$ cat coords_13.tsv   # TSV, C-alpha atoms
chain	number	residue	atom	x	y	z
A	99	MET	CA	-30.21	30.88	-1.80
A	100	THR	CA	-31.71	27.56	-2.65
A	101	THR	CA	-30.12	24.17	-2.66
A	102	ARG	CA	-30.97	21.31	-4.95
A	103	ILE	CA	-29.85	17.81	-5.70
A	104	VAL	CA	-28.61	16.88	-9.15
A	105	GLU	CA	-28.68	13.16	-9.89
A	106	LEU	CA	-25.63	12.00	-11.80
A	107	ARG	CA	-25.49	8.22	-11.41
A	108	ARG	CA	-22.26	8.11	-13.31
A	109	GLY	CA	-19.57	5.45	-12.96
A	110	ILE	CA	-16.32	6.95	-11.78
A	111	LEU	CA	-14.31	4.57	-13.96
A	112	LYS	CA	-16.70	5.03	-16.86
A	113	LYS	CA	-13.95	6.17	-19.21
A	114	ASN	CA	-11.96	2.99	-18.52
A	115	ASP	CA	-15.07	0.85	-18.84
A	116	GLU	CA	-15.90	2.37	-22.22
A	117	LEU	CA	-12.37	1.84	-23.52
A	118	ALA	CA	-12.41	-1.74	-22.20
A	119	ALA	CA	-15.71	-2.41	-23.93
A	120	ALA	CA	-14.24	-1.19	-27.22
A	121	LEU	CA	-11.18	-3.42	-26.71
A	122	ARG	CA	-13.44	-6.40	-25.95
A	123	THR	CA	-15.28	-5.82	-29.22
A	124	SER	CA	-12.00	-5.77	-31.15
A	125	TYR	CA	-10.73	-8.93	-29.41
A	126	THR	CA	-13.96	-10.74	-30.26
A	127	ALA	CA	-13.88	-9.57	-33.87
A	128	ALA	CA	-10.28	-10.79	-34.20
A	129	GLY	CA	-11.04	-14.16	-32.57
A	130	VAL	CA	-8.29	-13.76	-29.99
A	131	LEU	CA	-8.65	-15.06	-26.44
A	132	VAL	CA	-7.41	-12.41	-24.01
A	133	LEU	CA	-6.39	-13.23	-20.46
A	134	ASN	CA	-5.46	-10.85	-17.64
A	135	LEU	CA	-3.05	-12.40	-15.13
A	136	VAL	CA	-3.17	-10.88	-11.66
A	137	SER	CA	-1.28	-11.72	-8.47
A	138	SER	CA	1.00	-10.33	-5.78
A	139	PRO	CA	4.59	-9.55	-6.72
A	140	GLY	CA	6.65	-12.74	-6.56
A	141	THR	CA	3.88	-15.27	-7.20
A	142	GLY	CA	5.59	-16.46	-10.36
A	143	LYS	CA	3.37	-14.91	-13.03
A	144	THR	CA	6.29	-14.47	-15.39
A	145	ALA	CA	7.65	-18.01	-15.03
A	146	PHE	CA	4.15	-19.41	-15.43
A	147	LEU	CA	3.49	-17.25	-18.47
A	148	GLU	CA	6.87	-18.08	-20.00
A	149	ARG	CA	6.06	-21.78	-19.85
A	150	THR	CA	2.52	-21.21	-21.13
A	151	LEU	CA	3.78	-19.21	-24.13
A	152	LYS	CA	6.38	-21.85	-25.01
A	153	GLU	CA	3.92	-24.73	-24.75
A	154	LEU	CA	1.22	-23.02	-26.82
A	155	LYS	CA	3.76	-21.95	-29.40
A	156	SER	CA	5.11	-25.50	-29.72
A	157	ARG	CA	1.54	-26.54	-30.57
A	158	GLY	CA	1.50	-24.14	-33.45
A	159	LEU	CA	-0.71	-21.58	-31.73
A	160	ARG	CA	-0.14	-17.87	-32.21
A	161	VAL	CA	0.55	-16.14	-28.91
A	162	ALA	CA	1.69	-12.73	-27.68
A	163	ALA	CA	2.01	-10.99	-24.34
A	164	LEU	CA	1.84	-7.53	-22.84
A	165	VAL	CA	3.58	-7.26	-19.52
A	166	GLY	CA	3.10	-4.51	-16.96
A	167	ASP	CA	5.63	-3.33	-14.39
A	168	LEU	CA	6.36	-0.02	-12.74
A	169	GLU	CA	9.86	0.03	-14.21
A	170	THR	CA	12.33	-2.13	-16.22
A	171	ASP	CA	11.80	-4.35	-19.22
A	172	ASN	CA	13.27	-7.40	-17.45
A	173	ASP	CA	10.06	-9.40	-17.70
A	174	ALA	CA	9.57	-8.64	-21.38
A	175	ARG	CA	13.10	-9.80	-22.13
A	176	ARG	CA	12.54	-12.96	-20.09
A	177	LEU	CA	9.27	-13.73	-21.83
A	178	ALA	CA	10.73	-12.98	-25.25
A	179	SER	CA	12.94	-16.06	-24.83
A	180	SER	CA	9.77	-18.04	-25.56
A	181	GLY	CA	9.95	-16.71	-29.12
A	182	ALA	CA	6.56	-15.01	-28.79
A	183	PRO	CA	6.14	-11.26	-29.40
A	184	VAL	CA	6.20	-9.48	-26.06
A	185	ARG	CA	5.76	-5.81	-25.26
A	186	GLN	CA	6.57	-4.18	-21.94
A	187	ILE	CA	4.30	-1.56	-20.41
A	188	ASN	CA	5.99	0.62	-17.79
A	189	THR	CA	3.45	2.35	-15.61
A	190	HIS	CA	6.02	4.55	-13.82
A	191	GLY	CA	4.43	4.32	-10.41
A	192	ILE	CA	0.85	3.46	-11.29
A	193	CYS	CA	-0.23	0.34	-9.42
A	194	HIS	CA	-2.31	-1.31	-12.17
A	195	LEU	CA	-2.81	-1.49	-15.92
A	196	ASP	CA	-5.81	0.26	-17.42
A	197	ALA	CA	-7.62	-0.06	-20.74
A	198	GLU	CA	-6.01	3.07	-22.17
A	199	MET	CA	-2.50	1.64	-21.61
A	200	ILE	CA	-3.51	-1.61	-23.31
A	201	GLY	CA	-4.98	0.18	-26.32
A	202	ARG	CA	-1.94	2.41	-26.66
A	203	HIS	CA	0.45	-0.57	-26.59
A	204	LEU	CA	-1.61	-2.62	-29.03
A	205	ASP	CA	-1.46	0.27	-31.48
A	206	GLY	CA	1.73	0.29	-33.43
A	207	TRP	CA	3.02	-2.98	-32.01
A	208	GLU	CA	5.40	-3.95	-34.74
A	209	GLY	CA	4.62	-7.29	-36.31
A	210	VAL	CA	1.57	-7.93	-34.14
A	211	THR	CA	-2.05	-7.54	-35.13
A	212	LEU	CA	-4.92	-9.02	-33.16
A	213	ASP	CA	-6.42	-10.94	-36.05
A	214	ARG	CA	-3.19	-12.90	-36.42
A	215	LEU	CA	-3.27	-14.09	-32.81
A	216	ASP	CA	-4.98	-16.95	-31.02
A	217	PHE	CA	-4.04	-15.78	-27.53
A	218	LEU	CA	-3.04	-12.50	-25.96
A	219	PHE	CA	-1.83	-12.63	-22.36
A	220	ILE	CA	-1.68	-9.50	-20.25
A	221	GLU	CA	0.54	-9.80	-17.20
A	222	ASN	CA	-0.69	-7.12	-14.83
A	223	VAL	CA	1.40	-5.20	-12.31
A	224	GLY	CA	2.00	-7.32	-9.21
A	225	ASN	CA	-0.75	-6.09	-6.92
A	226	LEU	CA	-3.79	-7.83	-5.46
A	227	VAL	CA	-5.88	-4.70	-4.88
A	228	CYS	CA	-6.07	-2.12	-7.64
A	229	PRO	CA	-6.07	-4.27	-10.81
A	230	SER	CA	-9.46	-5.65	-9.79
A	231	SER	CA	-11.11	-2.27	-10.50
A	232	TYR	CA	-9.80	-1.94	-14.05
A	233	ASP	CA	-11.39	-3.90	-16.83
A	234	LEU	CA	-8.95	-4.48	-19.69
A	235	GLY	CA	-11.57	-6.05	-21.92
A	236	GLU	CA	-10.25	-9.51	-21.13
A	237	LYS	CA	-12.35	-12.63	-21.49
A	238	ILE	CA	-10.67	-14.41	-18.59
A	239	ARG	CA	-9.20	-12.89	-15.47
A	240	VAL	CA	-6.77	-15.26	-13.83
A	241	ALA	CA	-5.85	-14.88	-10.14
A	242	LEU	CA	-2.59	-16.56	-9.22
A	243	LEU	CA	-1.48	-17.64	-5.77
A	244	SER	CA	1.80	-19.35	-4.91
A	245	VAL	CA	2.33	-21.99	-2.23
A	246	THR	CA	4.67	-19.60	-0.38
A	247	GLU	CA	1.96	-17.00	0.19
A	248	GLY	CA	-0.36	-18.60	2.69
A	249	GLU	CA	-3.64	-20.37	2.12
A	250	ASP	CA	-5.69	-17.45	3.41
A	251	LYS	CA	-4.71	-15.06	0.62
A	252	PRO	CA	-8.14	-15.35	-1.07
A	253	LEU	CA	-9.81	-14.40	2.24
A	254	LYS	CA	-7.48	-11.42	2.66
A	255	TYR	CA	-8.05	-10.19	-0.89
A	256	PRO	CA	-11.63	-11.22	-1.64
A	257	THR	CA	-12.23	-8.47	-4.18
A	258	LEU	CA	-9.65	-9.80	-6.58
A	259	PHE	CA	-10.40	-13.48	-6.13
A	260	ASN	CA	-14.12	-12.88	-6.43
A	261	SER	CA	-13.66	-11.10	-9.75
A	262	ALA	CA	-11.49	-13.90	-11.22
A	263	ASP	CA	-12.67	-16.44	-13.78
A	264	ALA	CA	-9.91	-18.95	-13.08
A	265	ALA	CA	-7.39	-19.47	-10.27
A	266	VAL	CA	-3.88	-20.85	-10.60
A	267	ILE	CA	-1.80	-22.13	-7.70
A	268	THR	CA	1.88	-21.80	-8.65
A	269	LYS	CA	5.12	-23.37	-7.36
A	270	MET	CA	3.46	-26.67	-6.44
A	271	ASP	CA	6.93	-28.31	-6.66
A	272	ILE	CA	7.83	-26.67	-3.33
A	273	ALA	CA	4.45	-27.21	-1.66
A	274	GLY	CA	5.98	-29.82	0.70
A	275	PRO	CA	8.80	-27.72	2.18
A	276	CYS	CA	6.38	-24.78	2.47
A	277	GLU	CA	3.92	-27.01	4.35
A	278	PHE	CA	1.28	-25.76	1.98
A	279	ASN	CA	-2.19	-26.99	2.88
A	280	ARG	CA	-3.75	-27.42	-0.56
A	281	GLU	CA	-7.18	-28.51	0.69
A	282	LEU	CA	-7.43	-25.36	2.78
A	283	ALA	CA	-6.28	-23.12	-0.08
A	284	ILE	CA	-8.83	-24.66	-2.44
A	285	LYS	CA	-11.55	-24.37	0.17
A	286	ASN	CA	-10.71	-20.68	0.68
A	287	ILE	CA	-10.75	-19.93	-3.03
A	288	ASN	CA	-14.14	-21.62	-3.31
A	289	GLU	CA	-15.50	-19.68	-0.33
A	290	ILE	CA	-14.74	-16.43	-2.19
A	291	ARG	CA	-15.51	-17.56	-5.73
A	292	PRO	CA	-17.73	-20.66	-5.65
A	293	GLY	CA	-17.21	-23.08	-8.52
A	294	ILE	CA	-14.17	-21.35	-10.05
A	295	ARG	CA	-11.75	-23.50	-12.09
A	296	ILE	CA	-8.56	-24.07	-10.10
A	297	PHE	CA	-5.26	-25.25	-11.58
A	298	GLU	CA	-2.40	-26.55	-9.44
A	299	THR	CA	0.80	-25.98	-11.38
A	300	SER	CA	4.56	-25.84	-11.38
A	301	ALA	CA	6.24	-23.89	-14.15
A	302	LYS	CA	9.46	-25.61	-13.16
A	303	THR	CA	8.39	-29.26	-13.43
A	304	GLY	CA	5.45	-28.71	-15.77
A	305	ALA	CA	3.02	-30.29	-13.32
A	306	GLY	CA	-0.57	-29.28	-13.99
A	307	MET	CA	0.33	-27.50	-17.22
A	308	GLU	CA	-1.48	-29.99	-19.45
A	309	GLU	CA	-4.78	-29.32	-17.72
A	310	TRP	CA	-4.21	-25.57	-17.93
A	311	LEU	CA	-3.33	-25.70	-21.62
A	312	GLY	CA	-6.36	-27.89	-22.29
A	313	TYR	CA	-8.54	-25.27	-20.63
A	314	LEU	CA	-6.98	-22.47	-22.69
A	315	THR	CA	-7.39	-24.24	-26.01
A	316	ALA	CA	-10.98	-25.21	-25.21
A	317	GLU	CA	-11.81	-21.60	-24.31
A	318	GLN	CA	-10.13	-20.37	-27.47
A	319	SER	CA	-12.06	-22.81	-29.66
A	320	GLY	CA	-15.25	-21.69	-27.94
A	321	LEU	CA	-14.75	-18.14	-29.26
A	322	SER	CA	-15.70	-18.91	-32.82
B	257	MET	CA	-4.01	2.75	-3.40
B	258	HIS	CA	-5.44	4.50	-6.45
B	259	GLU	CA	-7.85	6.65	-4.47
B	260	LEU	CA	-6.23	9.90	-5.59
B	261	SER	CA	-6.82	9.12	-9.27
B	262	ILE	CA	-10.40	8.14	-8.49
B	263	VAL	CA	-11.00	11.37	-6.60
B	264	THR	CA	-9.41	13.37	-9.43
B	265	SER	CA	-11.85	11.75	-11.83
B	266	ILE	CA	-14.74	12.71	-9.51
B	267	VAL	CA	-13.58	16.33	-9.44
B	268	GLU	CA	-13.37	16.40	-13.25
B	269	THR	CA	-16.81	14.88	-13.74
B	270	VAL	CA	-18.50	17.21	-11.26
B	271	THR	CA	-16.70	20.25	-12.67
B	272	GLU	CA	-17.98	19.32	-16.13
B	273	THR	CA	-21.51	18.93	-14.78
B	274	LEU	CA	-21.35	22.38	-13.22
B	275	ASN	CA	-21.08	23.92	-16.69
B	276	SER	CA	-24.80	23.24	-17.00
B	277	TYR	CA	-25.48	24.98	-13.68
B	278	PRO	CA	-23.66	28.31	-13.86
B	279	GLY	CA	-23.40	30.42	-10.74
B	280	THR	CA	-23.83	27.52	-8.36
B	281	ARG	CA	-21.65	26.20	-5.57
B	282	VAL	CA	-21.21	22.54	-4.65
B	283	LEU	CA	-22.13	21.64	-1.10
B	284	GLU	CA	-21.93	17.89	-1.24
B	285	VAL	CA	-20.89	15.06	-3.58
B	286	ARG	CA	-22.48	11.70	-2.84
B	287	LEU	CA	-20.91	8.44	-3.91
B	288	ARG	CA	-22.16	4.86	-4.05
B	289	VAL	CA	-19.28	2.51	-3.32
B	290	GLY	CA	-19.66	-1.27	-3.13
B	291	VAL	CA	-17.60	-3.04	-0.48
B	292	LEU	CA	-15.84	-4.91	-3.30
B	293	ALA	CA	-14.88	-1.75	-5.19
B	294	SER	CA	-11.29	-1.86	-3.88
B	295	VAL	CA	-11.39	1.61	-2.45
B	296	ILE	CA	-11.27	2.76	1.13
B	297	PRO	CA	-13.83	5.46	1.99
B	298	GLU	CA	-11.49	7.17	4.48
B	299	SER	CA	-8.76	7.43	1.83
B	300	LEU	CA	-11.26	8.86	-0.63
B	301	GLU	CA	-12.30	11.51	1.88
B	302	PHE	CA	-8.68	12.31	2.67
B	303	CYS	CA	-7.69	12.65	-1.00
B	304	TYR	CA	-10.84	14.64	-1.77
B	305	GLY	CA	-9.61	17.60	0.27
B	306	ILE	CA	-6.40	17.70	-1.75
B	307	ALA	CA	-7.92	17.07	-5.16
B	308	SER	CA	-10.73	19.61	-4.78
B	309	GLU	CA	-8.44	22.45	-3.70
B	310	GLY	CA	-8.57	25.35	-6.14
B	311	THR	CA	-11.53	23.82	-8.01
B	312	PRO	CA	-15.25	24.71	-7.85
B	313	LEU	CA	-15.57	21.77	-5.45
B	314	GLU	CA	-13.30	23.24	-2.83
B	315	GLY	CA	-14.90	23.19	0.59
B	316	SER	CA	-17.62	20.71	-0.35
B	317	ARG	CA	-18.29	17.47	1.51
B	318	LEU	CA	-17.73	14.02	0.09
B	319	VAL	CA	-20.29	11.54	1.37
B	320	VAL	CA	-19.55	7.88	0.73
B	321	ASN	CA	-22.49	5.54	0.87
B	322	VAL	CA	-21.05	2.04	1.27
B	323	LEU	CA	-23.13	-0.73	-0.31
B	324	PRO	CA	-23.02	-4.32	0.97
B	325	VAL	CA	-22.70	-7.28	-1.36
B	326	VAL	CA	-26.02	-8.61	-2.63
B	327	MET	CA	-26.04	-12.03	-4.28
B	328	HIS	CA	-28.82	-13.86	-6.04
B	329	CYS	CA	-29.35	-17.22	-4.36
B	330	THR	CA	-30.65	-19.72	-6.91
B	331	SER	CA	-31.81	-22.11	-4.17
B	332	CYS	CA	-33.90	-19.51	-2.34
B	333	GLY	CA	-34.77	-17.74	-5.58
B	334	GLU	CA	-34.14	-14.33	-4.10
B	335	ASP	CA	-31.49	-11.65	-3.62
B	336	VAL	CA	-29.68	-11.91	-0.32
B	337	GLU	CA	-27.37	-9.48	1.43
B	338	LEU	CA	-24.02	-10.83	2.65
B	339	GLN	CA	-22.87	-9.82	6.11
B	340	GLY	CA	-19.20	-9.83	5.08
B	341	VAL	CA	-16.91	-10.79	2.24
B	342	GLN	CA	-15.29	-13.88	3.71
B	343	SER	CA	-17.83	-16.31	2.37
B	344	PHE	CA	-19.99	-16.08	-0.72
B	345	ARG	CA	-22.76	-18.28	0.56
B	346	CYS	CA	-26.42	-17.55	1.05
B	347	PRO	CA	-26.88	-16.48	4.69
B	348	LYS	CA	-30.28	-18.20	4.69
B	349	CYS	CA	-29.60	-21.62	3.17
B	350	GLY	CA	-25.79	-21.83	3.10
B	351	GLU	CA	-25.55	-22.58	-0.63
B	352	PRO	CA	-22.63	-21.01	-2.56
B	353	CYS	CA	-23.66	-18.01	-4.67
B	354	SER	CA	-21.92	-16.69	-7.77
B	355	ASP	CA	-24.45	-14.28	-9.24
B	356	MET	CA	-23.64	-10.84	-7.86
B	357	ARG	CA	-26.30	-8.14	-7.93
B	358	GLN	CA	-24.54	-5.42	-5.94
B	359	GLY	CA	-21.14	-4.82	-4.38
B	360	ARG	CA	-18.76	-3.47	-7.04
B	361	GLU	CA	-20.34	-0.04	-7.57
B	362	LEU	CA	-18.06	2.93	-7.83
B	363	GLU	CA	-20.17	5.84	-8.92
B	364	ILE	CA	-21.21	9.40	-8.29
B	365	ASP	CA	-24.79	9.21	-7.15
B	366	SER	CA	-25.67	12.90	-6.95
B	367	ILE	CA	-24.44	16.32	-6.02
B	368	GLU	CA	-26.05	18.97	-3.87
B	369	ILE	CA	-25.62	22.46	-5.21
B	370	GLU	CA	-26.55	25.89	-3.95
B	371	ASP	CA	-27.72	28.57	-6.32
B	372	GLY	CA	-25.97	31.92	-6.10
B	373	GLU	CA	-27.91	35.12	-6.42
B	374	VAL	CA	-31.40	34.47	-7.61
B	375	LYS	CA	-31.87	36.09	-10.97
B	376	ALA	CA	-35.19	37.53	-11.80

$ encode --input "coords_13.tsv" --output "structure tokens"
Amino acid sequence: MTTRIVELRRGILKKNDELAAALRTSYTAAGVLVLNLVSSPGTGKTAFLERTLKELKSRGLRVAALVGDLETDNDARRLASSGAPVRQINTHGICHLDAEMIGRHLDGWEGVTLDRLDFLFIENVGNLVCPSSYDLGEKIRVALLSVTEGEDKPLKYPTLFNSADAAVITKMDIAGPCEFNRELAIKNINEIRPGIRIFETSAKTGAGMEEWLGYLTAEQSGLS
Amino acid sequence: MHELSIVTSIVETVTETLNSYPGTRVLEVRLRVGVLASVIPESLEFCYGIASEGTPLEGSRLVVNVLPVVMHCTSCGEDVELQGVQSFRCPKCGEPCSDMRQGRELEIDSIEIEDGEVKA
């Protein structure tokens, strides 16, 4: 009996990473800016996305959204009121979206092809842990945090905030009653992800949306 | 929270690898897991027992080597190890760092196998 070591050095999520890389190539070829929106449940991803879709659409830009939830198509129906094509992904218990699910839902999406889009938004399952491990091929990962959640959320979930390319603070219209300390929240986000772009928004009043939309359109123009 | 699916993927990968090493038994599977990989080593070990049952990996050990975050500090011009994940600043000069060199790994490093009967 002899024992020996076999070196593998293989990524455990290699399959997802390969699929995500292929998706990224197809997004780039189509000239579509893809964003992955991640937050806890209840942060207001859907309201924020609904407003974003409407505003971009009113500017003549071509937008679509994939929305992930464990069950129900409530969010897809809500987002569809923006007039943009929306497709629901039900994960049936899985706590995150993965590249395979994205590819499967892009295929055969009636009326939607990537090369006819300027923006594709992916609203992930509400979860601040698992989605950080799964690359969906997105160009920009957006971490959202609402004023009701506590300024230390980035410190509690550093993995997700550190992997984000942009941060959005939602529900700024109720920051006062929530005694939200914006300086502290911004400081905490910067501690975890130095130099990240931070947007302070309210989907209800529209505050901060102009800056956000300006960022999106600039990033989209930068693709070509 | 997705440790079971990760462990299942480990079992599949190692089982596949064993096809190239017929007649062997797995003693140990060694992982490299960055502290920012979003997985908890204890949960991995717990799920491993369940996921490896009835497979060629049954009874083997899962060894998780946890890797700290290493950032490249542009001010110091060198790679620095962070003591925690509450502040992404260089521990030497205090400057914020955004260039990560290690910390998100989630990979199978190696396996230790035992040969069965030695064939002449």

$ atom_distance --input "coords_13.tsv" --atom1 "atom CA of Thr268 of chain A" --atom2 "atom CA of Asn286 of chain A"
15.7 Å

$ closest_atom_pairs --input "coords_13.tsv" --of "chain A" --to "chain B" --cutoff "7 Å" --atoms "only C-alpha atoms" --output "tab-separated table"
residue	atom	partner	partner_atom	distance
A:Met99	CA	B:Asp371	CA	5.7
A:Thr100	CA	B:Asp371	CA	5.5
A:Thr101	CA	B:Glu370	CA	4.2
A:Arg102	CA	B:Ile369	CA	5.5
A:Ile103	CA	B:Glu368	CA	4.4
A:Val104	CA	B:Ile367	CA	5.2
A:Glu105	CA	B:Ser366	CA	4.2
A:Leu106	CA	B:Ser366	CA	4.9
A:Arg107	CA	B:Asp365	CA	4.4
A:Arg108	CA	B:Ile364	CA	5.3
A:Gly109	CA	B:Glu363	CA	4.1
A:Ile110	CA	B:Glu363	CA	4.9
A:Val227	CA	B:Ser294	CA	6.2
A:Cys228	CA	B:Ser294	CA	6.4
A:Ser231	CA	B:Ala293	CA	6.5
A:Leu253	CA	B:Gln342	CA	5.7
A:Pro256	CA	B:Val341	CA	6.6
A:Thr257	CA	B:Leu292	CA	5.1
A:Glu289	CA	B:Ser343	CA	4.9
A:Ile290	CA	B:Phe344	CA	5.5
A:Arg291	CA	B:Ser354	CA	6.8
A:Pro292	CA	B:Pro352	CA	5.8

$ atom_distance --input "coords_13.tsv" --atom1 "atom CA of Leu195 of chain A" --atom2 "atom CA of Glu169 of chain A"
12.9 Å

$ atom_distance --input "coords_13.tsv" --atom1 "atom CA of Ser276 of chain B" --atom2 "atom CA of Asp115 of chain A"
24.5 Å

$ residues_around --input "coords_13.tsv" --residues "Ser308 of chain B" --least-positions-apart "5" --cutoff "8 Å" --atoms "only C-alpha atoms" --output "list of chain:residue names"
B:Thr264, B:Val267, B:Leu313, B:Glu314, B:Gly315

$ write_last_selection --input "coords_13.tsv" --atoms "C-alpha atoms" --output "JSON list (two decimals), in the coordinates of the input"
[["chain", "number", "residue", "atom", "x", "y", "z"],
["B", 264, "THR", "CA", -9.41, 13.37, -9.43],
["B", 267, "VAL", "CA", -13.58, 16.33, -9.44],
["B", 313, "LEU", "CA", -15.57, 21.77, -5.45],
["B", 314, "GLU", "CA", -13.30, 23.24, -2.83],
["B", 315, "GLY", "CA", -14.90, 23.19, 0.59]]

$ residues_near_point --input "coords_13.tsv" --point "(1.0, -0.8, -21.9)" --cutoff "6 Å" --atoms "all atoms listed in the file" --output "PyMOL selection string"
chain A and resi 187+199-200+203

$ write_last_selection --input "coords_13.tsv" --atoms "C-alpha atoms" --output "short mmCIF file (atom, residue, chain, number, x, y, z; two decimals), keeping the file's coordinate frame"
data_model
loop_
_atom_site.label_atom_id
_atom_site.label_comp_id
_atom_site.auth_asym_id
_atom_site.auth_seq_id
_atom_site.Cartn_x
_atom_site.Cartn_y
_atom_site.Cartn_z
CA ILE A 187 4.30 -1.56 -20.41
CA MET A 199 -2.50 1.64 -21.61
CA ILE A 200 -3.51 -1.61 -23.31
CA HIS A 203 0.45 -0.57 -26.59
#

$ residues_around --input "coords_13.tsv" --residues "Glu221 of chain A" --least-positions-apart "4" --cutoff "7 Å" --atoms "all atoms listed in the file" --output "PyMOL selection string"
chain A and resi 134-136+164-166

$ closest_residue --input "coords_13.tsv" --among "B:Cys303, B:Glu334, B:Thr311, B:Pro347" --to "Leu260 of chain B" --atoms "all atoms listed in the file"
B:Cys303

$ axis_aligned_box --input "coords_13.tsv" --around "segment 128-139 of chain A" --padding-each-side "3 Å" --output "AutoDock Vina command-line options"
--center_x -3.2 --center_y -12.3 --center_z -20.0 --size_x 21.6 --size_y 11.5 --size_z 34.4

$ closest_residue --input "coords_13.tsv" --among "A:Ile220, A:Met270, A:Ile284, A:Ala316" --to "Ser137 of chain A" --atoms "all atoms listed in the file"
A:Ile220

$ residues_near_point --input "coords_13.tsv" --point "(-2.7, -12.4, -24.8)" --cutoff "7 Å" --atoms "all atoms listed in the file" --output "count of residues only"
11

$ closest_residue --input "coords_13.tsv" --among "B:Val289, B:Cys332, B:Leu300, B:Ala307" --to "Glu268 of chain B" --atoms "all atoms listed in the file"
B:Ala307

$ residues_around --input "coords_13.tsv" --residues "Ala118 of chain A" --least-positions-apart "6" --cutoff "9 Å" --atoms "all atoms listed in the file" --output "ChimeraX atom specification"
/A:196-198,200-201,232-236

$ closest_residue --input "coords_13.tsv" --among "A:Gln186, A:Ser179, A:Ser261, A:Ser322" --to "Val223 of chain A" --atoms "all atoms listed in the file"
A:Gln186

$ build_atoms --input "coords_13.tsv" --residues "segment 283-300 of chain B" --atoms "N, CA and C atoms" --output "mmCIF file, keeping the file's coordinate frame"
data_model
loop_
_atom_site.group_PDB
_atom_site.id
_atom_site.type_symbol
_atom_site.label_atom_id
_atom_site.label_comp_id
_atom_site.auth_asym_id
_atom_site.auth_seq_id
_atom_site.Cartn_x
_atom_site.Cartn_y
_atom_site.Cartn_z
ATOM 1 N N LEU B 283 -22.144 21.851 -2.552
ATOM 2 C CA LEU B 283 -22.130 21.640 -1.100
ATOM 3 C C LEU B 283 -21.691 20.220 -0.771
ATOM 4 N N GLU B 284 -22.171 19.287 -1.591
ATOM 5 C CA GLU B 284 -21.930 17.890 -1.240
ATOM 6 C C GLU B 284 -21.859 17.024 -2.508
ATOM 7 N N VAL B 285 -20.968 16.047 -2.496
ATOM 8 C CA VAL B 285 -20.890 15.060 -3.580
ATOM 9 C C VAL B 285 -21.133 13.704 -2.935
ATOM 10 N N ARG B 286 -22.112 12.988 -3.451
ATOM 11 C CA ARG B 286 -22.480 11.700 -2.840
ATOM 12 C C ARG B 286 -22.097 10.534 -3.731
ATOM 13 N N LEU B 287 -21.376 9.605 -3.152
ATOM 14 C CA LEU B 287 -20.910 8.440 -3.910
ATOM 15 C C LEU B 287 -21.630 7.169 -3.469
ATOM 16 N N ARG B 288 -21.695 6.214 -4.377
ATOM 17 C CA ARG B 288 -22.160 4.860 -4.050
ATOM 18 C C ARG B 288 -20.969 3.944 -4.279
ATOM 19 N N VAL B 289 -20.475 3.328 -3.219
ATOM 20 C CA VAL B 289 -19.280 2.510 -3.320
ATOM 21 C C VAL B 289 -19.549 1.114 -2.744
ATOM 22 N N GLY B 290 -19.475 0.107 -3.584
ATOM 23 C CA GLY B 290 -19.660 -1.270 -3.130
ATOM 24 C C GLY B 290 -18.480 -1.694 -2.274
ATOM 25 N N VAL B 291 -18.718 -2.624 -1.345
ATOM 26 C CA VAL B 291 -17.600 -3.040 -0.480
ATOM 27 C C VAL B 291 -16.526 -3.781 -1.273
ATOM 28 N N LEU B 292 -16.850 -4.237 -2.485
ATOM 29 C CA LEU B 292 -15.840 -4.910 -3.300
ATOM 30 C C LEU B 292 -15.249 -3.984 -4.371
ATOM 31 N N ALA B 293 -15.378 -2.690 -4.181
ATOM 32 C CA ALA B 293 -14.880 -1.750 -5.190
ATOM 33 C C ALA B 293 -13.389 -1.469 -5.059
ATOM 34 N N SER B 294 -12.738 -2.064 -4.074
ATOM 35 C CA SER B 294 -11.290 -1.860 -3.880
ATOM 36 C C SER B 294 -10.899 -0.446 -3.524
ATOM 37 N N VAL B 295 -11.805 0.292 -2.931
ATOM 38 C CA VAL B 295 -11.390 1.610 -2.450
ATOM 39 C C VAL B 295 -11.800 1.771 -0.989
ATOM 40 N N ILE B 296 -11.023 2.560 -0.292
ATOM 41 C CA ILE B 296 -11.270 2.760 1.130
ATOM 42 C C ILE B 296 -11.904 4.131 1.310
ATOM 43 N N PRO B 297 -13.133 4.177 1.851
ATOM 44 C CA PRO B 297 -13.830 5.460 1.990
ATOM 45 C C PRO B 297 -13.007 6.529 2.694
ATOM 46 N N GLU B 298 -12.278 6.173 3.750
ATOM 47 C CA GLU B 298 -11.490 7.170 4.480
ATOM 48 C C GLU B 298 -10.410 7.773 3.578
ATOM 49 N N SER B 299 -9.799 6.914 2.734
ATOM 50 C CA SER B 299 -8.760 7.430 1.830
ATOM 51 C C SER B 299 -9.372 8.351 0.791
ATOM 52 N N LEU B 300 -10.574 8.004 0.335
ATOM 53 C CA LEU B 300 -11.260 8.860 -0.630
ATOM 54 C C LEU B 300 -11.487 10.234 -0.023
#
